[in-house]
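Colleague: Input data.csv, format and content: CSV, C-alpha atoms.
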```csv
chain,number,residue,atom,x,y,z
P,1,MET,CA,-51.7,53.9,-10.7
P,2,ALA,CA,-50.0,53.7,-7.4
P,3,GLU,CA,-47.4,51.0,-6.7
P,4,ILE,CA,-45.6,50.6,-3.4
P,5,LEU,CA,-42.1,49.3,-2.7
P,6,PHE,CA,-41.8,47.8,0.8
P,7,LEU,CA,-38.3,47.3,2.2
P,8,VAL,CA,-38.1,45.1,5.3
P,9,HIS,CA,-35.1,43.8,7.2
P,10,ARG,CA,-36.7,40.4,8.0
P,11,ALA,CA,-39.2,38.8,5.7
P,12,PRO,CA,-42.4,39.2,7.8
P,13,TRP,CA,-43.8,35.7,7.6
P,14,PRO,CA,-44.2,33.9,10.0
P,15,PRO,CA,-45.2,36.8,12.4
P,16,ASP,CA,-43.7,35.0,15.4
P,17,ARG,CA,-41.5,37.7,16.9
P,18,GLY,CA,-41.9,41.4,17.6
P,19,ASP,CA,-40.4,42.9,14.5
P,20,ARG,CA,-42.1,40.4,12.2
P,21,ILE,CA,-45.5,40.9,13.8
P,22,ARG,CA,-45.4,44.6,13.2
P,23,SER,CA,-44.0,44.3,9.6
P,24,TRP,CA,-46.5,41.6,8.7
P,25,HIS,CA,-49.5,43.8,9.7
P,26,MET,CA,-47.9,46.7,7.9
P,27,PHE,CA,-47.5,44.6,4.8
P,28,GLU,CA,-51.2,43.6,5.0
P,29,ALA,CA,-52.2,47.3,5.4
P,30,LEU,CA,-50.1,48.3,2.4
P,31,THR,CA,-51.7,45.6,0.2
P,32,ARG,CA,-55.1,47.2,0.9
P,33,LEU,CA,-53.8,50.5,-0.4
P,34,ALA,CA,-52.1,49.5,-3.7
P,35,PRO,CA,-50.0,46.8,-5.4
P,36,VAL,CA,-46.9,46.1,-3.3
P,37,HIS,CA,-43.4,45.1,-4.3
P,38,VAL,CA,-41.3,43.6,-1.5
P,39,ALA,CA,-37.6,43.5,-1.0
P,40,ALA,CA,-36.6,41.6,2.2
P,41,LEU,CA,-33.9,39.7,3.9
P,42,ALA,CA,-34.2,36.4,5.9
P,43,ASP,CA,-32.0,34.9,8.6
P,44,ASN,CA,-31.9,31.5,6.9
P,45,ALA,CA,-33.1,29.6,3.8
P,46,ALA,CA,-36.0,27.9,5.6
P,47,GLU,CA,-37.4,31.2,6.8
P,48,ALA,CA,-37.0,32.6,3.3
P,49,ALA,CA,-38.9,29.7,1.7
P,50,LEU,CA,-41.8,30.0,4.2
P,51,ALA,CA,-42.1,33.7,3.5
P,52,ARG,CA,-41.9,33.3,-0.3
P,53,ALA,CA,-44.7,30.7,-0.2
P,54,ARG,CA,-47.0,32.9,1.9
P,55,MET,CA,-46.2,36.3,0.4
P,56,ALA,CA,-45.7,35.8,-3.3
P,57,PRO,CA,-49.5,35.5,-4.1
P,58,ARG,CA,-50.1,38.8,-2.5
P,59,CYS,CA,-47.1,40.7,-4.0
P,60,LYS,CA,-46.7,42.4,-7.3
P,61,SER,CA,-43.1,41.2,-7.1
P,62,LEU,CA,-41.0,39.7,-4.3
P,63,ALA,CA,-37.3,39.3,-3.6
P,64,ILE,CA,-36.1,37.6,-0.4
P,65,GLU,CA,-32.4,37.0,0.1
P,66,VAL,CA,-30.7,35.2,3.0
P,67,ARG,CA,-28.4,37.3,5.0
P,68,LYS,CA,-24.7,36.2,4.7
P,69,ALA,CA,-22.8,38.6,6.8
P,70,SER,CA,-21.5,37.3,10.1
P,71,ARG,CA,-21.1,39.7,13.0
P,72,PRO,CA,-17.3,39.6,13.0
P,73,LEU,CA,-17.2,40.3,9.2
P,74,ALA,CA,-19.8,43.0,9.5
P,75,LEU,CA,-17.8,44.6,12.3
P,76,ALA,CA,-14.6,44.5,10.2
P,77,GLY,CA,-16.3,45.9,7.2
P,78,ALA,CA,-17.9,48.7,9.2
P,79,LEU,CA,-14.6,49.7,10.8
P,80,LEU,CA,-13.0,49.8,7.4
P,81,ARG,CA,-15.7,52.0,5.9
P,82,GLY,CA,-16.6,54.1,8.9
P,83,GLU,CA,-20.3,53.0,8.9
P,84,PRO,CA,-22.7,51.3,11.4
P,85,VAL,CA,-22.3,47.6,12.0
P,86,SER,CA,-26.1,47.3,11.8
P,87,ASN,CA,-26.1,48.3,8.2
P,88,ARG,CA,-23.3,45.9,7.2
P,89,LEU,CA,-25.3,43.0,8.8
P,90,PHE,CA,-28.2,43.7,6.5
P,91,ARG,CA,-26.2,44.5,3.4
P,92,SER,CA,-27.1,42.5,0.3
P,93,GLU,CA,-25.9,43.1,-3.3
P,94,ALA,CA,-28.8,41.0,-4.5
P,95,VAL,CA,-31.4,43.1,-2.7
P,96,ALA,CA,-29.7,46.3,-3.8
P,97,ALA,CA,-29.7,45.1,-7.5
P,98,TYR,CA,-33.4,44.2,-7.2
P,99,VAL,CA,-34.4,47.6,-5.9
P,100,ASP,CA,-32.3,49.4,-8.5
P,101,GLU,CA,-33.9,47.4,-11.3
P,102,LEU,CA,-37.4,47.8,-9.9
P,103,LEU,CA,-37.1,51.5,-9.7
P,104,ARG,CA,-35.8,51.6,-13.3
P,105,ALA,CA,-38.4,49.3,-14.7
P,106,ARG,CA,-41.6,50.0,-12.7
P,107,ALA,CA,-43.5,53.2,-12.0
P,108,ILE,CA,-43.0,52.9,-8.2
P,109,THR,CA,-44.9,55.8,-6.6
P,110,HIS,CA,-44.4,55.2,-2.9
P,111,ILE,CA,-41.7,53.7,-0.7
P,112,VAL,CA,-42.0,52.3,2.9
P,113,ALA,CA,-38.9,51.1,4.6
P,114,PHE,CA,-39.2,49.0,7.8
P,115,SER,CA,-36.3,49.2,10.3
P,116,GLY,CA,-33.3,51.5,10.0
P,117,GLN,CA,-31.1,48.9,8.4
P,118,MET,CA,-33.2,49.1,5.2
P,119,ALA,CA,-32.6,52.9,4.8
P,120,GLN,CA,-29.4,52.0,2.9
P,121,TYR,CA,-31.5,50.8,0.0
P,122,LEU,CA,-33.5,54.0,-0.4
P,123,PRO,CA,-32.7,55.8,-3.7
P,124,ALA,CA,-30.8,59.1,-3.6
P,125,ARG,CA,-33.6,60.7,-5.6
P,126,PHE,CA,-37.3,59.8,-5.5
P,127,ASP,CA,-40.3,61.9,-6.5
P,128,GLY,CA,-43.0,60.2,-4.4
P,129,PRO,CA,-43.6,59.9,-0.6
P,130,VAL,CA,-41.0,57.9,1.4
P,131,ILE,CA,-41.9,56.6,4.9
P,132,MET,CA,-39.3,55.3,7.2
P,133,ASP,CA,-40.5,53.1,10.1
P,134,PHE,CA,-37.5,53.0,12.5
P,135,VAL,CA,-39.7,51.2,15.0
P,136,ASP,CA,-37.3,52.0,17.9
P,137,VAL,CA,-34.4,54.4,18.3
P,138,ASP,CA,-31.7,51.7,17.8
P,139,SER,CA,-28.8,54.0,18.5
P,140,ALA,CA,-30.2,54.6,22.0
P,141,LYS,CA,-30.2,50.9,22.6
P,142,PHE,CA,-26.5,50.7,21.8
P,143,ALA,CA,-25.7,53.6,24.0
P,144,THR,CA,-27.3,51.7,26.9
P,145,TYR,CA,-25.3,48.6,26.0
P,146,ALA,CA,-22.1,50.8,26.2
P,147,GLU,CA,-23.1,52.0,29.7
P,148,GLN,CA,-23.7,48.4,30.8
P,149,ASP,CA,-20.4,47.1,29.4
P,150,ARG,CA,-18.2,49.2,31.7
P,151,VAL,CA,-15.1,47.3,30.9
P,152,GLY,CA,-13.8,45.4,27.9
P,153,PRO,CA,-13.8,45.9,24.1
P,154,MET,CA,-17.6,45.7,23.7
P,155,ARG,CA,-18.0,49.0,25.5
P,156,TRP,CA,-16.0,50.7,22.7
P,157,VAL,CA,-17.9,48.7,20.0
P,158,HIS,CA,-21.3,49.6,21.4
P,159,ALA,CA,-20.4,53.3,21.9
P,160,ARG,CA,-19.1,53.5,18.4
P,161,GLU,CA,-22.3,51.9,17.0
P,162,ALA,CA,-24.5,54.3,19.1
P,163,LYS,CA,-22.6,57.3,17.6
P,164,ARG,CA,-22.5,56.1,13.9
P,165,LEU,CA,-26.0,54.7,13.9
P,166,GLY,CA,-27.4,57.8,15.6
P,167,ARG,CA,-25.8,60.0,12.9
P,168,PHE,CA,-27.2,57.7,10.1
P,169,GLU,CA,-30.7,57.7,11.6
P,170,ALA,CA,-30.7,61.5,11.7
P,171,GLU,CA,-29.5,61.8,8.1
P,172,ILE,CA,-32.2,59.5,6.9
P,173,ALA,CA,-34.9,61.2,8.9
P,174,ARG,CA,-34.1,64.5,7.3
P,175,THR,CA,-34.5,63.1,3.8
P,176,VAL,CA,-37.7,61.1,4.1
P,177,ASP,CA,-41.3,62.5,4.4
P,178,ALA,CA,-42.1,60.9,7.7
P,179,SER,CA,-40.3,58.8,10.4
P,180,LEU,CA,-42.4,56.4,12.4
P,181,PHE,CA,-41.8,55.0,15.9
P,182,VAL,CA,-43.6,52.4,17.9
P,183,SER,CA,-44.4,54.7,20.8
P,184,GLU,CA,-44.6,58.3,21.7
P,185,ALA,CA,-41.7,57.9,24.1
P,186,GLU,CA,-39.5,56.7,21.2
P,187,ALA,CA,-40.8,59.4,18.9
P,188,ALA,CA,-40.1,62.1,21.5
P,189,LEU,CA,-36.6,60.8,22.1
P,190,PHE,CA,-35.9,61.0,18.4
P,191,ARG,CA,-37.3,64.5,18.0
P,192,GLU,CA,-35.1,65.6,20.9
P,193,ARG,CA,-32.0,64.0,19.2
P,194,THR,CA,-32.6,65.3,15.7
P,195,GLY,CA,-34.5,68.6,16.2
P,196,LEU,CA,-37.2,67.4,13.9
P,197,GLY,CA,-40.8,68.3,14.7
P,198,ALA,CA,-43.9,66.2,15.3
P,199,GLU,CA,-45.0,66.7,11.6
P,200,ARG,CA,-41.9,64.7,10.5
P,201,VAL,CA,-41.6,62.3,13.5
P,202,ARG,CA,-44.7,60.4,14.6
P,203,ALA,CA,-45.7,57.5,16.8
P,204,VAL,CA,-47.7,54.6,15.1
P,205,GLY,CA,-48.2,52.0,17.8
P,206,ASN,CA,-48.3,48.2,17.6
P,207,GLY,CA,-51.6,46.4,17.8
P,208,ILE,CA,-52.7,42.9,18.7
P,209,ASP,CA,-54.9,40.3,17.0
P,210,THR,CA,-57.5,39.8,19.8
P,211,GLU,CA,-59.3,37.1,17.9
P,212,ARG,CA,-56.2,34.9,17.7
P,213,PHE,CA,-55.1,35.8,21.3
P,214,ASP,CA,-58.5,35.0,22.9
P,215,PRO,CA,-58.7,33.1,26.2
P,216,ALA,CA,-62.1,31.7,25.0
P,217,GLN,CA,-60.3,29.4,22.6
P,218,ARG,CA,-59.9,25.8,23.8
P,219,LEU,CA,-56.2,25.5,24.4
P,220,ALA,CA,-54.4,22.8,26.2
P,221,LYS,CA,-52.8,24.4,29.3
P,222,VAL,CA,-49.2,23.2,29.6
P,223,GLY,CA,-48.3,21.7,33.0
P,224,GLU,CA,-51.6,22.5,34.6
P,225,GLY,CA,-51.8,21.6,38.3
P,226,GLU,CA,-48.0,21.3,38.8
P,227,GLY,CA,-47.6,24.5,40.8
P,228,PRO,CA,-48.0,28.2,40.1
P,229,LEU,CA,-46.4,29.2,36.8
P,230,ALA,CA,-44.7,32.4,35.7
P,231,VAL,CA,-44.1,32.6,31.9
P,232,PHE,CA,-41.7,34.8,29.8
P,233,THR,CA,-42.0,34.7,26.0
P,234,GLY,CA,-39.5,36.1,23.5
P,235,GLN,CA,-36.6,35.6,21.1
P,236,MET,CA,-34.0,34.0,23.4
P,237,ASP,CA,-30.9,35.0,21.6
P,238,TYR,CA,-31.7,38.7,22.1
P,239,ARG,CA,-29.6,40.3,24.8
P,240,PRO,CA,-32.3,42.2,26.7
P,241,ASN,CA,-34.4,39.0,26.9
P,242,ILE,CA,-31.4,37.0,28.0
P,243,ASP,CA,-30.6,39.5,30.8
P,244,ALA,CA,-34.3,39.5,31.9
P,245,VAL,CA,-34.7,35.8,32.2
P,246,ARG,CA,-31.3,35.3,33.9
P,247,TRP,CA,-32.3,38.0,36.5
P,248,PHE,CA,-35.7,36.4,37.1
P,249,ALA,CA,-34.4,32.8,37.4
P,250,LYS,CA,-31.5,33.7,39.7
P,251,ASP,CA,-32.7,36.6,41.8
P,252,ILE,CA,-36.5,36.8,41.6
P,253,LEU,CA,-37.8,33.2,41.4
P,254,PRO,CA,-36.0,32.1,44.6
P,255,ARG,CA,-37.8,34.9,46.5
P,256,VAL,CA,-41.1,33.7,45.0
P,257,ARG,CA,-40.4,30.1,46.0
P,258,GLU,CA,-39.8,31.1,49.6
P,259,ARG,CA,-43.6,31.4,49.9
P,260,HIS,CA,-44.6,29.2,46.9
P,261,PRO,CA,-42.0,26.3,46.9
P,262,GLU,CA,-43.7,24.7,43.9
P,263,ALA,CA,-43.5,27.9,41.8
P,264,ARG,CA,-42.2,27.4,38.2
P,265,PHE,CA,-40.7,29.7,35.6
P,266,ALA,CA,-41.0,28.8,31.9
P,267,ILE,CA,-38.8,30.6,29.4
P,268,VAL,CA,-40.7,30.2,26.1
P,269,GLY,CA,-39.0,31.2,22.8
P,270,ARG,CA,-36.9,30.3,19.9
P,271,ALA,CA,-33.0,30.1,19.7
P,272,PRO,CA,-32.1,30.0,23.4
P,273,THR,CA,-28.4,30.6,23.9
P,274,ALA,CA,-26.2,28.2,26.0
P,275,GLU,CA,-26.5,30.8,28.8
P,276,VAL,CA,-30.3,30.6,28.7
P,277,ARG,CA,-30.3,26.8,28.5
P,278,ALA,CA,-28.1,26.6,31.6
P,279,LEU,CA,-30.8,28.3,33.6
P,280,GLU,CA,-32.6,25.0,33.7
P,281,GLU,CA,-30.2,24.1,36.5
P,282,CYS,CA,-32.1,26.6,38.7
P,283,PRO,CA,-34.9,25.0,40.7
P,284,GLY,CA,-38.3,25.4,39.0
P,285,VAL,CA,-36.9,26.7,35.7
P,286,ARG,CA,-37.8,25.2,32.3
P,287,VAL,CA,-36.5,26.4,28.9
P,288,THR,CA,-38.7,25.3,26.1
P,289,GLY,CA,-36.9,26.5,23.0
P,290,GLN,CA,-39.1,27.2,20.0
P,291,VAL,CA,-42.7,26.2,20.3
P,292,PRO,CA,-45.3,25.9,17.6
P,293,ASP,CA,-47.7,28.2,19.5
P,294,VAL,CA,-47.1,30.4,22.6
P,295,ARG,CA,-50.8,30.6,23.4
P,296,PRO,CA,-51.0,27.3,25.4
P,297,TRP,CA,-48.2,28.6,27.6
P,298,LEU,CA,-49.9,31.9,28.0
P,299,ALA,CA,-53.2,30.2,28.8
P,300,ALA,CA,-51.4,28.1,31.5
P,301,ALA,CA,-49.6,31.1,33.1
P,302,ASP,CA,-50.6,32.3,36.6
P,303,ALA,CA,-48.5,35.3,35.8
P,304,VAL,CA,-46.7,36.5,32.7
P,305,VAL,CA,-43.5,38.3,33.6
P,306,ALA,CA,-41.5,40.9,31.7
P,307,PRO,CA,-38.5,41.8,34.0
P,308,LEU,CA,-36.7,43.7,31.2
P,309,LEU,CA,-33.9,45.9,32.3
P,310,LEU,CA,-33.7,47.4,28.8
P,311,ALA,CA,-36.7,47.8,26.6
P,312,ARG,CA,-37.3,49.9,23.5
P,313,GLY,CA,-40.7,50.6,22.1
P,314,VAL,CA,-43.8,48.5,22.8
P,315,GLN,CA,-43.4,44.9,24.0
P,316,ASN,CA,-45.6,42.7,21.9
P,317,LYS,CA,-45.2,39.9,24.5
P,318,LEU,CA,-47.2,42.1,26.9
P,319,LEU,CA,-49.9,42.9,24.4
P,320,GLU,CA,-50.3,39.1,23.7
P,321,ALA,CA,-50.5,38.2,27.3
P,322,MET,CA,-53.0,40.9,28.1
P,323,ALA,CA,-55.2,40.0,25.1
P,324,MET,CA,-55.2,36.4,26.6
P,325,ALA,CA,-56.5,37.9,29.8
P,326,ARG,CA,-53.4,36.9,31.8
P,327,PRO,CA,-52.2,39.0,34.8
P,328,VAL,CA,-48.9,40.6,33.9
P,329,VAL,CA,-45.9,41.8,36.1
P,330,ALA,CA,-43.6,44.1,34.1
P,331,SER,CA,-40.7,46.3,34.8
P,332,ARG,CA,-41.2,50.0,34.3
P,333,ALA,CA,-39.1,49.8,31.1
P,334,ALA,CA,-41.2,47.0,29.7
P,335,ALA,CA,-44.5,48.7,30.4
P,336,THR,CA,-43.4,52.1,28.9
P,337,GLY,CA,-45.5,53.0,25.8
P,338,ILE,CA,-48.4,50.7,26.6
P,339,GLU,CA,-51.7,52.6,27.2
P,340,VAL,CA,-52.7,50.9,30.4
P,341,GLU,CA,-53.1,51.8,34.0
P,342,ALA,CA,-50.7,50.2,36.5
P,343,GLY,CA,-52.5,48.4,39.2
P,344,ALA,CA,-55.7,48.0,37.1
P,345,HIS,CA,-54.4,46.3,33.9
P,346,LEU,CA,-51.0,45.0,35.0
P,347,LEU,CA,-48.5,45.3,37.9
P,348,VAL,CA,-45.4,47.4,37.4
P,349,ALA,CA,-42.4,46.6,39.6
P,350,ASP,CA,-38.7,47.4,39.6
P,351,GLY,CA,-36.1,45.7,41.7
P,352,ALA,CA,-35.9,42.0,42.5
P,353,GLU,CA,-37.9,42.2,45.8
P,354,ALA,CA,-40.6,44.4,44.3
P,355,MET,CA,-40.9,42.1,41.3
P,356,ALA,CA,-41.1,39.0,43.5
P,357,ALA,CA,-43.7,40.6,45.7
P,358,ALA,CA,-45.9,41.4,42.7
P,359,VAL,CA,-45.7,37.8,41.5
P,360,ARG,CA,-46.3,36.4,44.9
P,361,ALA,CA,-49.4,38.7,45.2
P,362,LEU,CA,-50.9,37.3,42.0
P,363,PHE,CA,-50.1,33.7,43.1
P,364,ASP,CA,-51.7,34.4,46.5
P,365,ASP,CA,-54.9,35.9,45.1
P,366,PRO,CA,-56.2,34.1,41.9
P,367,VAL,CA,-59.4,36.1,42.0
P,368,ARG,CA,-57.6,39.4,41.9
P,369,ALA,CA,-55.3,38.0,39.2
P,370,ALA,CA,-58.3,36.9,37.0
P,371,ARG,CA,-59.9,40.3,37.5
P,372,MET,CA,-56.8,42.1,36.4
P,373,GLY,CA,-56.4,39.8,33.3
P,374,ALA,CA,-60.0,40.4,32.3
P,375,ALA,CA,-59.5,44.2,32.6
P,376,ALA,CA,-56.4,43.9,30.5
P,377,ARG,CA,-58.2,42.1,27.7
P,378,GLU,CA,-60.9,44.7,27.6
P,379,ARG,CA,-58.3,47.4,27.2
P,380,MET,CA,-56.6,45.5,24.4
P,381,ILE,CA,-59.9,45.1,22.5
P,382,ALA,CA,-60.7,48.8,23.0
P,383,ARG,CA,-57.3,50.3,22.1
P,384,TYR,CA,-55.2,47.9,20.2
P,385,GLY,CA,-56.8,46.6,17.0
P,386,TRP,CA,-54.2,46.5,14.1
P,387,GLU,CA,-56.4,48.2,11.5
P,388,ALA,CA,-57.0,51.2,13.7
P,389,ARG,CA,-53.3,51.4,14.8
P,390,LEU,CA,-52.0,51.4,11.2
P,391,GLU,CA,-54.7,53.7,9.8
P,392,PRO,CA,-52.3,56.7,9.6
P,393,LEU,CA,-50.2,54.9,6.9
P,394,GLY,CA,-52.7,55.6,4.2
P,395,ARG,CA,-52.9,59.2,5.1
P,396,LEU,CA,-49.2,59.6,5.3
P,397,LEU,CA,-48.8,58.1,1.8
P,398,GLY,CA,-51.6,60.1,0.4
P,399,LEU,CA,-53.5,56.8,-0.4
P,400,ALA,CA,-56.3,57.0,2.2
P,401,ALA,CA,-59.7,55.9,0.9
```
Could I get this structure in the form of structure tokens?
Modeller:
Amino acid sequence: MAEILFLVHRAPWPPDRGDRIRSWHMFEALTRLAPVHVAALADNAAEAALARARMAPRCKSLAIEVRKASRPLALAGALLRGEPVSNRLFRSEAVAAYVDELLRARAITHIVAFSGQMAQYLPARFDGPVIMDFVDVDSAKFATYAEQDRVGPMRWVHAREAKRLGRFEAEIARTVDASLFVSEAEAALFRERTGLGAERVRAVGNGIDTERFDPAQRLAKVGEGEGPLAVFTGQMDYRPNIDAVRWFAKDILPRVRERHPEARFAIVGRAPTAEVRALEECPGVRVTGQVPDVRPWLAAADAVVAPLLLARGVQNKLLEAMAMARPVVASRAAATGIEVEAGAHLLVADGAEAMAAAVRALFDDPVRAARMGAAARERMIARYGWEARLEPLGRLLGLAA
């Protein structure tokens, strides 16, 4: 009888951020194929407890450990051992011991690892299928960071991480049966970097729960009637999100307010840094911090914005907004990998003036904005159901019904 080991870098419950949304739906898909053992990490004890309570009844066995490595310690350890910092950040002796014991004691037949940091827990030898879901090409992200940090020590740190992590990603991809990425653009980049073919490197895209993200639900619209509202959602201690909201608040929103003086910008997401909090000093900007539900903010938005200068893979924030039938303005980087038509399902704009003009156009013409939002929801329903998106998993594992 088949038994699956699922290795995941952040315990996937609650599915309230991009990586956990994907890994939660992957976990659900795997439980429909065979009994699942889960080894995971969590950022803190509260998140670990929430995940254990939700996941334990659905798992054959479950181990969730709280990450202990700080970034400075991880960097020091990585430098001493010549390995990627990313791996040190997600190193856990307890998780390694659980995996080793599980592989000795149980007849594990299949392994799925989610996020490159979990590849370090894969056994050196395993007879069954092994699937590695890298999600994004993380090494490329660090290469971009190095380009952006033109001076100072972080340029060297990021350049080193790009090189070491890229080498590690390639080594792992050559040992597993299949490597998955969230978009064809990411998969193509990885094929180019590694020389591996399409039979070994595949795109398995993200989906969206269109029943949960449904504008027909009765949701209290936050701040309705107080002026046109642009909304950004995301994890607000993540550097690309920080850069995006700073750019919008300081360079784009003032241009929007020249025509719409009452225009507002809400930054909605957990763990805002001090730099993000300080943006509330800008006229019209509100920083919410963590909210119990992003849907009321999406429902209230006259435009959902994604002015990301750096984006890897598919942005769940855009799928959620479009499922809620909201008009979206995204940078080209943020829109990459989403199967939509610019101009029909969302607006794509690069540069502060172009982004501001797109937002002003939606504020100027609510009828057009509503029509675009409705078209976006139709596209999400037609193309982005999670069950259809993750259907290749069963075939790749040899467990398809």
Colleague: Tell me which of P:Glu258, P:Glu65, P:Glu275, P:Glu3 sits closest to P:Val36, counting only C-alpha atoms.
Modeller: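 With only C-alpha atoms as the atom set, the closest residue is P:Glu3.
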Colleague: If we count only C-alpha atoms, what is near P:Ala170 at a cut-off of 12 Å, once residues fewer than 5 positions away on the same chain are taken out, given as a ChimeraX atom specification?
Modeller: /P:116,119,132,134,137-139,163-165,175-176,179,189-196,200-201
Colleague: Which is closest to P:His9 among P:Ala278, P:Ala29, P:Ile172, P:Leu89, if we use only C-alpha atoms?
Modeller: P:Leu89
Colleague: Mind giving me the straight-line distance from atom CA of P:Val85 to atom CA of P:Asp16 in Å, one decimal?
Modeller: 25.1 Å
Colleague: Go through P:Arg312, P:Met324, P:Ile242, P:Ala143 one by one, measure the shortest atom-to-atom distance of each to P:Trp156 using all atoms listed in the file, and give the residue with the smallest value.
Modeller: P:Ala143
Colleague: When you look at P:Leu390 with a cut-off of 9 Å (counting only C-alpha atoms), what residues show up, excluding the ones that are within fewer than 2 positions of it in the same chain? I need them as a list of chain:residue names.
Modeller: P:His25, P:Met26, P:Ala29, P:Val204, P:Gly205, P:Asn206, P:Gly207, P:Gly385, P:Trp386, P:Glu387, P:Ala388, P:Pro392, P:Leu393, P:Gly394
Colleague: Could you check how far atom CA of P:Arg264 sits from atom CA of P:Gly284, in Å to one decimal?
Modeller: 4.5 Å
Colleague: What is the atom CA of P:Val8-atom CA of P:Ser23 distance in Å, reported with one decimal?
Modeller: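 Pair atom CA of P:Val8 / atom CA of P:Ser23 returns 7.3 Å.
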Colleague: Can you work out which one of P:Met372, P:Val276, P:Ala216, P:Ile208 has the shortest atom-to-atom distance to P:Tyr238, counting only C-alpha atoms?
Modeller: P:Val276
Colleague: Quick one: contact table of stretch 111-170 of chain P to stretch 301-309 of chain P, 12 Å max, nearest atom pair and distance in Å to one decimal per residue, counting all atoms listed in the file, chain and number order, as a Markdown table?
Modeller:
```
| residue | atom | partner | partner_atom | distance |
| --- | --- | --- | --- | --- |
| P:Lys141 | CA | P:Leu309 | CA | 11.5 |
| P:Thr144 | CA | P:Leu309 | CA | 10.3 |
| P:Tyr145 | CA | P:Leu309 | CA | 11.0 |
| P:Gln148 | CA | P:Leu309 | CA | 10.6 |
```
Colleague: Given all atoms listed in the file as the basis, pick out the residue of P:Ala76, P:Ala375, P:Val245, P:Ala330 nearest to P:Cys282.
Modeller: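 For P:Cys282, the nearest of the given residues is P:Val245.
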Colleague: Would you list the contacts of P:Gly337 as a VMD selection string, taking every protein, DNA or RNA residue within 12 Å and counting all atoms listed in the file, but skipping same-chain residues closer than 6 positions in sequence?
Modeller: chain P and resid 136 181 to 188 203 to 206 311 to 316 318 to 319
Colleague: Pick out the closest residue to P:Ala263 from this set: P:Ala51, P:Ala333, P:Val359, P:Val328. Count all atoms listed in the file.
Modeller: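 Ranked by minimum distance to P:Ala263, first place goes to P:Val359.
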Colleague: List the neighbours of P:Val66 out to 10 Å using all atoms listed in the file; skip same-chain residues closer than 3 positions along the sequence, and give me the result as an NGL selection string.
Modeller: :P and (10-11 or 40-49 or 69 or 90 or 92 or 94-95)
Colleague: Using all atoms listed in the file, find all polymer residues with an atom at most 12 Å away from the point (-39.6, 27.1, 37.4); report them as an MDAnalysis selection string.
Modeller: chainID P and resid 223 226:232 245 248:250 252:254 256:257 260:268 279:288 301
Colleague: Please write as number ranges by chain the list of polymer residues whose atoms come within 10 Å of (-41.8, 51.9, -9.5), counting all atoms listed in the file and keeping to the coordinates of the file.
Modeller: P: 2-5, 36-37, 99-111, 126, 128
Colleague: Write the residues of the preceding selection, restricted to C-alpha atoms, as a PDB file, in the coordinates of the input.
Modeller:
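out_13.pdb, freshly written:
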```
ATOM      1  CA  ALA P   2     -50.000  53.700  -7.400  1.00  0.00           C
ATOM      2  CA  GLU P   3     -47.400  51.000  -6.700  1.00  0.00           C
ATOM      3  CA  ILE P   4     -45.600  50.600  -3.400  1.00  0.00           C
ATOM      4  CA  LEU P   5     -42.100  49.300  -2.700  1.00  0.00           C
ATOM      5  CA  VAL P  36     -46.900  46.100  -3.300  1.00  0.00           C
ATOM      6  CA  HIS P  37     -43.400  45.100  -4.300  1.00  0.00           C
ATOM      7  CA  VAL P  99     -34.400  47.600  -5.900  1.00  0.00           C
ATOM      8  CA  ASP P 100     -32.300  49.400  -8.500  1.00  0.00           C
ATOM      9  CA  GLU P 101     -33.900  47.400 -11.300  1.00  0.00           C
ATOM     10  CA  LEU P 102     -37.400  47.800  -9.900  1.00  0.00           C
ATOM     11  CA  LEU P 103     -37.100  51.500  -9.700  1.00  0.00           C
ATOM     12  CA  ARG P 104     -35.800  51.600 -13.300  1.00  0.00           C
ATOM     13  CA  ALA P 105     -38.400  49.300 -14.700  1.00  0.00           C
ATOM     14  CA  ARG P 106     -41.600  50.000 -12.700  1.00  0.00           C
ATOM     15  CA  ALA P 107     -43.500  53.200 -12.000  1.00  0.00           C
ATOM     16  CA  ILE P 108     -43.000  52.900  -8.200  1.00  0.00           C
ATOM     17  CA  THR P 109     -44.900  55.800  -6.600  1.00  0.00           C
ATOM     18  CA  HIS P 110     -44.400  55.200  -2.900  1.00  0.00           C
ATOM     19  CA  ILE P 111     -41.700  53.700  -0.700  1.00  0.00           C
ATOM     20  CA  PHE P 126     -37.300  59.800  -5.500  1.00  0.00           C
ATOM     21  CA  GLY P 128     -43.000  60.200  -4.400  1.00  0.00           C
TER      22      GLY P 128
END
```
Colleague: List the spatial neighbours of P:Arg32 as a PDB file with C-alpha atoms, keeping the file's coordinate frame - criterion: any atom at most 10 Å away, all atoms listed in the file, same-chain residues fewer than 4 positions off excluded.
Modeller:
```pdb
ATOM      1  CA  PHE P  27     -47.500  44.600   4.800  1.00  0.00           C
ATOM      2  CA  GLU P  28     -51.200  43.600   5.000  1.00  0.00           C
ATOM      3  CA  VAL P  36     -46.900  46.100  -3.300  1.00  0.00           C
ATOM      4  CA  GLY P 394     -52.700  55.600   4.200  1.00  0.00           C
ATOM      5  CA  LEU P 399     -53.500  56.800  -0.400  1.00  0.00           C
ATOM      6  CA  ALA P 400     -56.300  57.000   2.200  1.00  0.00           C
ATOM      7  CA  ALA P 401     -59.700  55.900   0.900  1.00  0.00           C
TER       8      ALA P 401
END
```
